>>> print(open('input-v5.cif').read())   # mmCIF, C-alpha atoms and all ligand atoms
data_final
loop_
_atom_site.label_atom_id
_atom_site.label_comp_id
_atom_site.auth_asym_id
_atom_site.auth_seq_id
_atom_site.Cartn_x
_atom_site.Cartn_y
_atom_site.Cartn_z
CA MET R 1 -6.74 4.02 -23.57
CA GLN R 2 -5.23 6.49 -21.12
CA GLN R 3 -1.62 5.98 -20.19
CA ILE R 4 -0.86 3.67 -17.28
CA LYS R 5 2.16 4.64 -15.23
CA VAL R 6 3.92 1.90 -13.26
CA ARG R 7 6.31 2.95 -10.49
CA ALA R 8 7.65 1.74 -7.15
CA GLU R 9 5.39 2.40 -4.17
CA ALA R 10 6.07 5.25 -1.75
CA PRO R 11 4.86 5.54 1.87
CA ASP R 12 2.15 7.99 0.80
CA ASP R 13 0.64 5.20 -1.33
CA PHE R 14 0.06 2.68 1.46
CA ARG R 15 -3.57 3.59 2.10
CA ALA R 16 -4.43 3.58 -1.59
CA ILE R 17 -2.73 0.20 -2.02
CA ASP R 18 -4.86 -1.14 0.84
CA VAL R 19 -7.98 0.10 -0.93
CA VAL R 20 -6.95 -1.59 -4.18
CA ASN R 21 -6.35 -4.89 -2.41
CA LEU R 22 -9.53 -4.71 -0.35
CA SER R 23 -11.57 -4.06 -3.50
CA ALA R 24 -9.90 -6.78 -5.60
CA PHE R 25 -9.87 -9.60 -3.03
CA GLU R 26 -12.73 -10.93 -0.95
CA GLY R 27 -11.18 -10.46 2.48
CA GLU R 28 -8.52 -8.42 4.21
CA ALA R 29 -5.81 -11.09 4.21
CA GLU R 30 -3.90 -9.79 1.18
CA ALA R 31 -3.90 -6.16 2.34
CA GLN R 32 -2.73 -7.30 5.77
CA LEU R 33 -0.01 -9.51 4.28
CA ILE R 34 1.36 -6.60 2.23
CA GLY R 35 1.53 -4.44 5.36
CA GLU R 36 3.41 -7.17 7.20
CA LEU R 37 5.73 -7.84 4.27
CA ARG R 38 6.91 -4.21 4.37
CA SER R 39 8.51 -4.75 7.75
CA SER R 40 9.91 -8.16 6.87
CA PRO R 41 13.44 -8.89 5.58
CA VAL R 42 11.99 -10.51 2.45
CA PHE R 43 10.52 -7.20 1.26
CA ILE R 44 12.18 -5.29 -1.60
CA PRO R 45 10.77 -1.74 -1.84
CA ASP R 46 11.74 -1.41 -5.52
CA LEU R 47 9.64 -4.48 -6.34
CA SER R 48 6.40 -3.29 -4.76
CA LEU R 49 4.86 -1.55 -7.75
CA VAL R 50 1.76 0.53 -8.26
CA ALA R 51 -0.12 1.24 -11.47
CA GLU R 52 -1.48 4.76 -11.74
CA LEU R 53 -4.22 5.91 -14.05
CA ASN R 54 -5.00 9.63 -14.02
CA ASN R 55 -2.91 9.98 -10.84
CA ARG R 56 -5.03 7.37 -9.06
CA ILE R 57 -3.60 4.05 -7.91
CA VAL R 58 -5.57 1.30 -9.62
CA GLY R 59 -3.26 -1.69 -9.33
CA HIS R 60 -0.49 -3.15 -7.24
CA VAL R 61 1.96 -6.04 -7.38
CA VAL R 62 4.67 -7.11 -4.97
CA LEU R 63 7.63 -9.44 -5.49
CA SER R 64 9.40 -10.64 -2.37
CA LYS R 65 12.23 -13.01 -1.52
CA VAL R 66 11.59 -16.72 -1.02
CA GLN R 67 14.02 -19.56 -0.57
CA LEU R 68 14.40 -22.37 -3.09
CA LYS R 69 15.72 -25.48 -1.36
CA SER R 70 17.11 -28.17 -3.61
CA SER R 71 19.74 -30.89 -3.51
CA LYS R 72 22.16 -28.23 -4.81
CA GLY R 73 21.56 -26.07 -1.73
CA THR R 74 19.44 -23.04 -0.90
CA SER R 75 19.07 -20.03 -3.15
CA GLU R 76 17.05 -16.86 -2.92
CA ILE R 77 14.51 -16.30 -5.69
CA LEU R 78 11.40 -14.11 -6.01
CA ALA R 79 7.73 -14.80 -5.48
CA LEU R 80 5.22 -12.60 -7.30
CA GLY R 81 2.05 -11.72 -5.44
CA PRO R 82 -0.31 -10.64 -4.13
CA MET R 83 -1.31 -8.73 -7.23
CA SER R 84 -4.50 -6.75 -7.68
CA VAL R 85 -6.33 -4.38 -9.99
CA VAL R 86 -9.45 -2.50 -8.89
CA PRO R 87 -12.49 -4.27 -10.39
CA SER R 88 -13.68 -1.12 -12.18
CA GLN R 89 -10.43 -1.07 -14.22
CA SER R 90 -9.88 -4.79 -14.79
CA HIS R 91 -9.55 -6.36 -18.28
CA ARG R 92 -7.79 -3.28 -19.62
CA GLY R 93 -4.25 -4.57 -19.52
CA ILE R 94 -3.24 -3.00 -16.20
CA GLY R 95 -2.38 -6.37 -14.66
CA SER R 96 -0.29 -7.21 -17.72
CA GLU R 97 1.64 -3.93 -17.46
CA LEU R 98 2.33 -4.57 -13.78
CA ILE R 99 3.69 -8.06 -14.45
CA GLU R 100 5.84 -6.95 -17.36
CA ALA R 101 7.26 -4.08 -15.31
CA ALA R 102 7.89 -6.36 -12.33
CA VAL R 103 9.79 -8.91 -14.43
CA ALA R 104 11.82 -6.15 -16.13
CA ARG R 105 12.77 -4.65 -12.75
CA ALA R 106 13.63 -8.02 -11.21
CA LYS R 107 16.19 -8.93 -13.89
CA PRO R 108 18.86 -6.32 -13.02
CA LEU R 109 18.55 -7.16 -9.31
CA CYS R 110 20.27 -10.47 -10.08
CA PHE R 111 17.53 -12.82 -8.92
CA SER R 112 17.57 -16.01 -10.96
CA ALA R 113 13.87 -16.93 -11.02
CA ILE R 114 10.33 -15.89 -10.13
CA VAL R 115 7.51 -18.12 -8.92
CA VAL R 116 3.81 -17.33 -8.69
CA ALA R 117 1.11 -19.10 -6.72
CA GLY R 118 -1.99 -18.11 -8.64
CA HIS R 119 -4.10 -18.48 -11.76
CA PRO R 120 -1.76 -20.47 -14.05
CA ASP R 121 -3.57 -19.60 -17.31
CA TYR R 122 -3.10 -15.90 -16.59
CA TYR R 123 0.60 -16.02 -15.76
CA GLN R 124 1.59 -18.37 -18.58
CA ARG R 125 0.91 -15.63 -21.13
CA PHE R 126 3.84 -13.69 -19.64
CA GLY R 127 6.28 -16.58 -19.98
CA PHE R 128 5.64 -18.34 -16.67
CA ARG R 129 5.49 -22.14 -17.02
CA PRO R 130 4.18 -24.88 -14.73
CA ALA R 131 6.71 -25.18 -11.92
CA LYS R 132 6.35 -28.94 -12.02
CA GLU R 133 8.19 -28.92 -15.38
CA TRP R 134 11.34 -28.25 -13.33
CA GLY R 135 10.27 -30.38 -10.38
CA VAL R 136 9.67 -27.24 -8.32
CA THR R 137 7.03 -27.41 -5.56
CA CYS R 138 6.18 -25.08 -2.69
CA ASN R 139 5.17 -25.17 0.95
CA LEU R 140 1.77 -23.49 0.39
CA PRO R 141 -1.43 -25.56 0.41
CA ILE R 142 -2.20 -25.02 -3.29
CA PRO R 143 -2.78 -27.45 -6.17
CA GLU R 144 0.43 -28.40 -7.94
CA ASP R 145 -0.79 -26.75 -11.16
CA ALA R 146 -1.28 -23.39 -9.43
CA LEU R 147 2.47 -22.86 -9.09
CA THR R 148 4.17 -21.38 -12.14
CA ALA R 149 7.71 -20.14 -12.56
CA MET R 150 10.00 -18.19 -14.84
CA GLU R 151 13.77 -18.45 -15.06
CA LEU R 152 15.57 -15.10 -15.25
CA VAL R 153 18.88 -16.94 -15.48
CA LYS R 154 18.82 -19.94 -17.79
CA GLY R 155 19.04 -23.19 -15.87
CA ALA R 156 18.32 -21.59 -12.49
CA LEU R 157 15.48 -24.01 -11.78
CA ALA R 158 17.08 -27.04 -13.40
CA GLY R 159 17.72 -28.72 -10.07
CA GLY R 160 14.05 -28.49 -9.01
CA GLY R 161 13.37 -28.10 -5.31
CA GLN R 162 10.88 -26.71 -2.85
CA VAL R 163 10.01 -23.02 -2.63
CA GLU R 164 9.70 -21.98 1.01
CA TYR R 165 7.27 -19.08 1.37
CA PRO R 166 7.54 -17.22 4.69
CA GLU R 167 4.94 -18.08 7.35
CA LEU R 168 3.25 -14.73 6.64
CA PHE R 169 1.84 -16.12 3.38
CA LYS R 170 0.05 -18.98 5.11
CA ALA R 171 -2.55 -16.49 6.37
CA LEU R 172 -3.89 -16.37 2.80
CA PHE R 173 -5.08 -19.97 2.97
C1 LIG F 201 -6.06 -11.00 -11.89
C2 LIG F 201 -6.02 -9.49 -12.06
C3 LIG F 201 -4.83 -8.92 -11.32
C4 LIG F 201 -5.89 -9.21 -13.57
O1 LIG F 201 -5.79 -7.80 -13.75
P1 LIG F 201 -6.27 -7.14 -15.12
O2 LIG F 201 -5.80 -5.75 -15.15
O3 LIG F 201 -7.72 -7.39 -15.30
O4 LIG F 201 -5.46 -8.02 -16.15
P2 LIG F 201 -5.29 -7.78 -17.71
O5 LIG F 201 -6.27 -6.77 -18.20
O6 LIG F 201 -3.87 -7.57 -18.00
O7 LIG F 201 -5.68 -9.19 -18.26
C5 LIG F 201 -7.03 -9.58 -18.21
C6 LIG F 201 -7.06 -11.05 -18.51
O8 LIG F 201 -6.67 -11.74 -17.37
C7 LIG F 201 -7.28 -13.00 -17.34
N1 LIG F 201 -7.77 -13.20 -16.00
C8 LIG F 201 -8.28 -12.31 -15.15
N2 LIG F 201 -8.62 -12.92 -14.00
C9 LIG F 201 -8.29 -14.22 -14.17
C10 LIG F 201 -8.41 -15.35 -13.36
N3 LIG F 201 -8.95 -15.30 -12.15
N4 LIG F 201 -7.96 -16.53 -13.84
C11 LIG F 201 -7.42 -16.62 -15.09
N5 LIG F 201 -7.31 -15.57 -15.90
C12 LIG F 201 -7.74 -14.40 -15.44
C13 LIG F 201 -8.38 -13.02 -18.37
O9 LIG F 201 -7.96 -13.86 -19.42
C14 LIG F 201 -8.43 -11.58 -18.84
O10 LIG F 201 -8.59 -11.56 -20.21
P3 LIG F 201 -9.84 -10.77 -20.82
O11 LIG F 201 -9.67 -9.33 -20.42
O12 LIG F 201 -9.70 -11.02 -22.28
O13 LIG F 201 -11.05 -11.39 -20.19
C15 LIG F 201 -7.32 -8.81 -11.57
O14 LIG F 201 -8.42 -9.37 -12.24
C16 LIG F 201 -7.54 -8.94 -10.07
O15 LIG F 201 -7.12 -8.10 -9.29
N6 LIG F 201 -8.25 -10.01 -9.65
C17 LIG F 201 -8.59 -10.20 -8.25
C18 LIG F 201 -7.38 -10.49 -7.41
C19 LIG F 201 -6.60 -11.68 -7.93
O16 LIG F 201 -7.16 -12.72 -8.25
N7 LIG F 201 -5.26 -11.48 -8.03
C20 LIG F 201 -4.38 -12.47 -8.57
C21 LIG F 201 -4.03 -13.44 -7.52
S1 LIG F 201 -3.06 -14.73 -8.27
#
>>> encode(input="input-v5.cif", output="structure tokens", more="lines below")
Ligand SMILES: CC(C)(COP(=O)(O)OP(=O)(O)OC[C@H]1O[C@@H](n2cnc3c(N)ncnc32)[C@H](O)[C@@H]1OP(=O)(O)O)[C@@H](O)C(=O)NCCC(=O)NCCS
Amino acid sequence: MQQIKVRAEAPDDFRAIDVVNLSAFEGEAEAQLIGELRSSPVFIPDLSLVAELNNRIVGHVVLSKVQLKSSKGTSEILALGPMSVVPSQSHRGIGSELIEAAVARAKPLCFSAIVVAGHPDYYQRFGFRPAKEWGVTCNLPIPEDALTAMELVKGALAGGGQVEYPELFKALF
């Protein structure tokens, strides 16, 4: 297989990232959300990653800040998604490379955990586990099983709590 290169997005990539999201998802909501995230305080440019194949952007993932509210207080953790790979290049490991790169880049930024609202069977292969194992829920209208999480700092999710996604994400539902 040709080499996949994963790197942080640059402004010149925005149109190509839109195309990837519009081709991978049924509507425009994800592409629109990513555009809005870029001008929001929860956005972290170094954690909006593209996958390039032959100098063409074929995948994208974004991790942004969300709040975890528990009886111990409020902390800032990361939420992974939206994530997308163009249908013509799916099932070739590009999504896996994006997730592995995203987790590796999140660790040195000192965030203690990552949550994902998405296909639980997919994310569990990368070390995400059902969020309910820690008593972690979220404010999105998704089934309990659709929320998975990964601790980057051991014990970070031990107190459970509710993940508060920004209002922007509610447009996806
Ligand atoms: C999900 C997605 C990002 C995976 O990208 P990818 O490059 O195909 O992923 P990989 O090649 O690393 O892994 C493929 C595996 O993912 C799993 N997978 C893909 N889509 C899945 C889904 N909807 N639910 C569960 N598992 C899924 C399959 O087990 C697949 O394995 P296979 O190739 O043996 O069939 C891509 O299919 C996509 O963009 N889908 C549409 C948008 C979307 O649903 N994004 C995720 C939102 S949570």
>>> residues_around(input="input-v5.cif", residues="Val20 of chain R", least_positions_apart="6", cutoff="9 Å", atoms="only C-alpha atoms", output="ChimeraX atom specification")
/R:31,57-60,84-87
>>> residues_near_ligand(input="input-v5.cif", ligand="ligand LIG 201 (chain F)", cutoff="8 Å", atoms="all atoms listed in the file", output="PyMOL selection string")
chain R and resi 21+24-25+59+81-87+89-97+116-123
>>> write_last_selection(input="input-v5.cif", atoms="C-alpha atoms", output="short mmCIF file (atom, residue, chain, number, x, y, z; two decimals), in the coordinates of the input")
data_model
loop_
_atom_site.label_atom_id
_atom_site.label_comp_id
_atom_site.auth_asym_id
_atom_site.auth_seq_id
_atom_site.Cartn_x
_atom_site.Cartn_y
_atom_site.Cartn_z
CA ASN R 21 -6.35 -4.89 -2.41
CA ALA R 24 -9.90 -6.78 -5.60
CA PHE R 25 -9.87 -9.60 -3.03
CA GLY R 59 -3.26 -1.69 -9.33
CA GLY R 81 2.05 -11.72 -5.44
CA PRO R 82 -0.31 -10.64 -4.13
CA MET R 83 -1.31 -8.73 -7.23
CA SER R 84 -4.50 -6.75 -7.68
CA VAL R 85 -6.33 -4.38 -9.99
CA VAL R 86 -9.45 -2.50 -8.89
CA PRO R 87 -12.49 -4.27 -10.39
CA GLN R 89 -10.43 -1.07 -14.22
CA SER R 90 -9.88 -4.79 -14.79
CA HIS R 91 -9.55 -6.36 -18.28
CA ARG R 92 -7.79 -3.28 -19.62
CA GLY R 93 -4.25 -4.57 -19.52
CA ILE R 94 -3.24 -3.00 -16.20
CA GLY R 95 -2.38 -6.37 -14.66
CA SER R 96 -0.29 -7.21 -17.72
CA GLU R 97 1.64 -3.93 -17.46
CA VAL R 116 3.81 -17.33 -8.69
CA ALA R 117 1.11 -19.10 -6.72
CA GLY R 118 -1.99 -18.11 -8.64
CA HIS R 119 -4.10 -18.48 -11.76
CA PRO R 120 -1.76 -20.47 -14.05
CA ASP R 121 -3.57 -19.60 -17.31
CA TYR R 122 -3.10 -15.90 -16.59
CA TYR R 123 0.60 -16.02 -15.76
#
>>> residues_near_point(input="input-v5.cif", point="(11.6, -20.5, -16.8)", cutoff="12 Å", atoms="only C-alpha atoms", output="ChimeraX atom specification")
/R:103,112-116,123-124,126-136,148-158,160
>>> atom_distance(input="input-v5.cif", atom1="atom CA of Tyr165 of chain R", atom2="atom CA of Ser71 of chain R")
17.9 Å
>>> residues_around(input="input-v5.cif", residues="Ile34 of chain R", least_positions_apart="3", cutoff="10 Å", atoms="only C-alpha atoms", output="ChimeraX atom specification")
/R:14,17-18,21,29-31,37-40,43,48,61-62,81-82,168-169
>>> atom_distance(input="input-v5.cif", atom1="atom CA of Gln162 of chain R", atom2="atom CA of Ala79 of chain R")
12.6 Å
>>> build_atoms(input="input-v5.cif", residues="segment 134-145 of chain R", atoms="all heavy atoms", output="compact mmCIF listing (two decimals), keeping the file's coordinate frame")
# COMPACT_ATOMS: atom_id res chain seq x y z
N TRP R 134 9.96 -28.22 -13.87
CA TRP R 134 11.34 -28.25 -13.33
C TRP R 134 11.42 -29.13 -12.07
O TRP R 134 12.46 -29.16 -11.43
CB TRP R 134 11.80 -26.84 -12.96
CG TRP R 134 12.05 -25.91 -14.08
CD1 TRP R 134 13.18 -25.86 -14.86
CD2 TRP R 134 11.20 -24.85 -14.55
NE1 TRP R 134 13.05 -24.83 -15.77
CE2 TRP R 134 11.87 -24.20 -15.61
CE3 TRP R 134 9.94 -24.39 -14.17
CZ2 TRP R 134 11.32 -23.12 -16.29
CZ3 TRP R 134 9.39 -23.33 -14.86
CH2 TRP R 134 10.07 -22.70 -15.91
N GLY R 135 10.28 -29.67 -11.66
CA GLY R 135 10.27 -30.38 -10.38
C GLY R 135 10.30 -29.43 -9.20
O GLY R 135 10.82 -29.75 -8.13
N VAL R 136 9.72 -28.23 -9.40
CA VAL R 136 9.67 -27.24 -8.32
C VAL R 136 8.28 -27.27 -7.66
O VAL R 136 7.26 -27.21 -8.34
CB VAL R 136 9.97 -25.82 -8.86
CG1 VAL R 136 9.73 -24.76 -7.79
CG2 VAL R 136 11.41 -25.75 -9.37
N THR R 137 8.27 -27.40 -6.35
CA THR R 137 7.03 -27.41 -5.56
C THR R 137 7.11 -26.26 -4.56
O THR R 137 8.10 -25.53 -4.53
CB THR R 137 6.87 -28.74 -4.80
OG1 THR R 137 8.03 -28.90 -3.97
CG2 THR R 137 6.74 -29.92 -5.76
N CYS R 138 6.09 -26.12 -3.73
CA CYS R 138 6.18 -25.08 -2.69
C CYS R 138 5.49 -25.54 -1.42
O CYS R 138 4.79 -26.56 -1.41
CB CYS R 138 5.60 -23.76 -3.19
SG CYS R 138 3.81 -23.72 -3.25
N ASN R 139 5.70 -24.78 -0.37
CA ASN R 139 5.17 -25.17 0.95
C ASN R 139 3.78 -24.58 1.21
O ASN R 139 3.32 -24.61 2.35
CB ASN R 139 6.14 -24.74 2.05
CG ASN R 139 6.29 -23.23 2.12
OD1 ASN R 139 5.99 -22.53 1.16
ND2 ASN R 139 6.78 -22.72 3.25
N LEU R 140 3.12 -24.03 0.19
CA LEU R 140 1.77 -23.49 0.39
C LEU R 140 0.75 -24.58 0.05
O LEU R 140 0.99 -25.39 -0.85
CB LEU R 140 1.54 -22.26 -0.50
CG LEU R 140 2.43 -21.06 -0.25
CD1 LEU R 140 2.10 -19.94 -1.24
CD2 LEU R 140 2.28 -20.56 1.18
N PRO R 141 -0.42 -24.54 0.69
CA PRO R 141 -1.43 -25.56 0.41
C PRO R 141 -2.21 -25.23 -0.86
O PRO R 141 -3.38 -24.85 -0.82
CB PRO R 141 -2.31 -25.51 1.66
CG PRO R 141 -2.21 -24.10 2.14
CD PRO R 141 -0.82 -23.63 1.78
N ILE R 142 -1.54 -25.33 -2.01
CA ILE R 142 -2.20 -25.02 -3.29
C ILE R 142 -2.05 -26.22 -4.22
O ILE R 142 -1.12 -27.02 -4.05
CB ILE R 142 -1.58 -23.77 -3.97
CG1 ILE R 142 -0.07 -23.96 -4.22
CG2 ILE R 142 -1.85 -22.53 -3.15
CD1 ILE R 142 0.55 -22.90 -5.11
N PRO R 143 -2.95 -26.35 -5.21
CA PRO R 143 -2.78 -27.45 -6.17
C PRO R 143 -1.46 -27.30 -6.91
O PRO R 143 -1.02 -26.16 -7.16
CB PRO R 143 -3.97 -27.27 -7.13
CG PRO R 143 -4.90 -26.33 -6.47
CD PRO R 143 -4.11 -25.51 -5.50
N GLU R 144 -0.87 -28.41 -7.26
CA GLU R 144 0.43 -28.40 -7.94
C GLU R 144 0.41 -27.49 -9.18
O GLU R 144 1.34 -26.73 -9.44
CB GLU R 144 0.75 -29.85 -8.36
CG GLU R 144 2.07 -30.04 -9.02
CD GLU R 144 2.23 -31.47 -9.54
OE1 GLU R 144 1.38 -31.92 -10.34
OE2 GLU R 144 3.19 -32.12 -9.11
N ASP R 145 -0.71 -27.53 -9.92
CA ASP R 145 -0.79 -26.75 -11.16
C ASP R 145 -0.85 -25.25 -10.93
O ASP R 145 -0.68 -24.47 -11.87
CB ASP R 145 -2.04 -27.15 -11.96
CG ASP R 145 -1.88 -28.52 -12.57
OD1 ASP R 145 -0.74 -29.01 -12.63
OD2 ASP R 145 -2.91 -29.10 -12.98
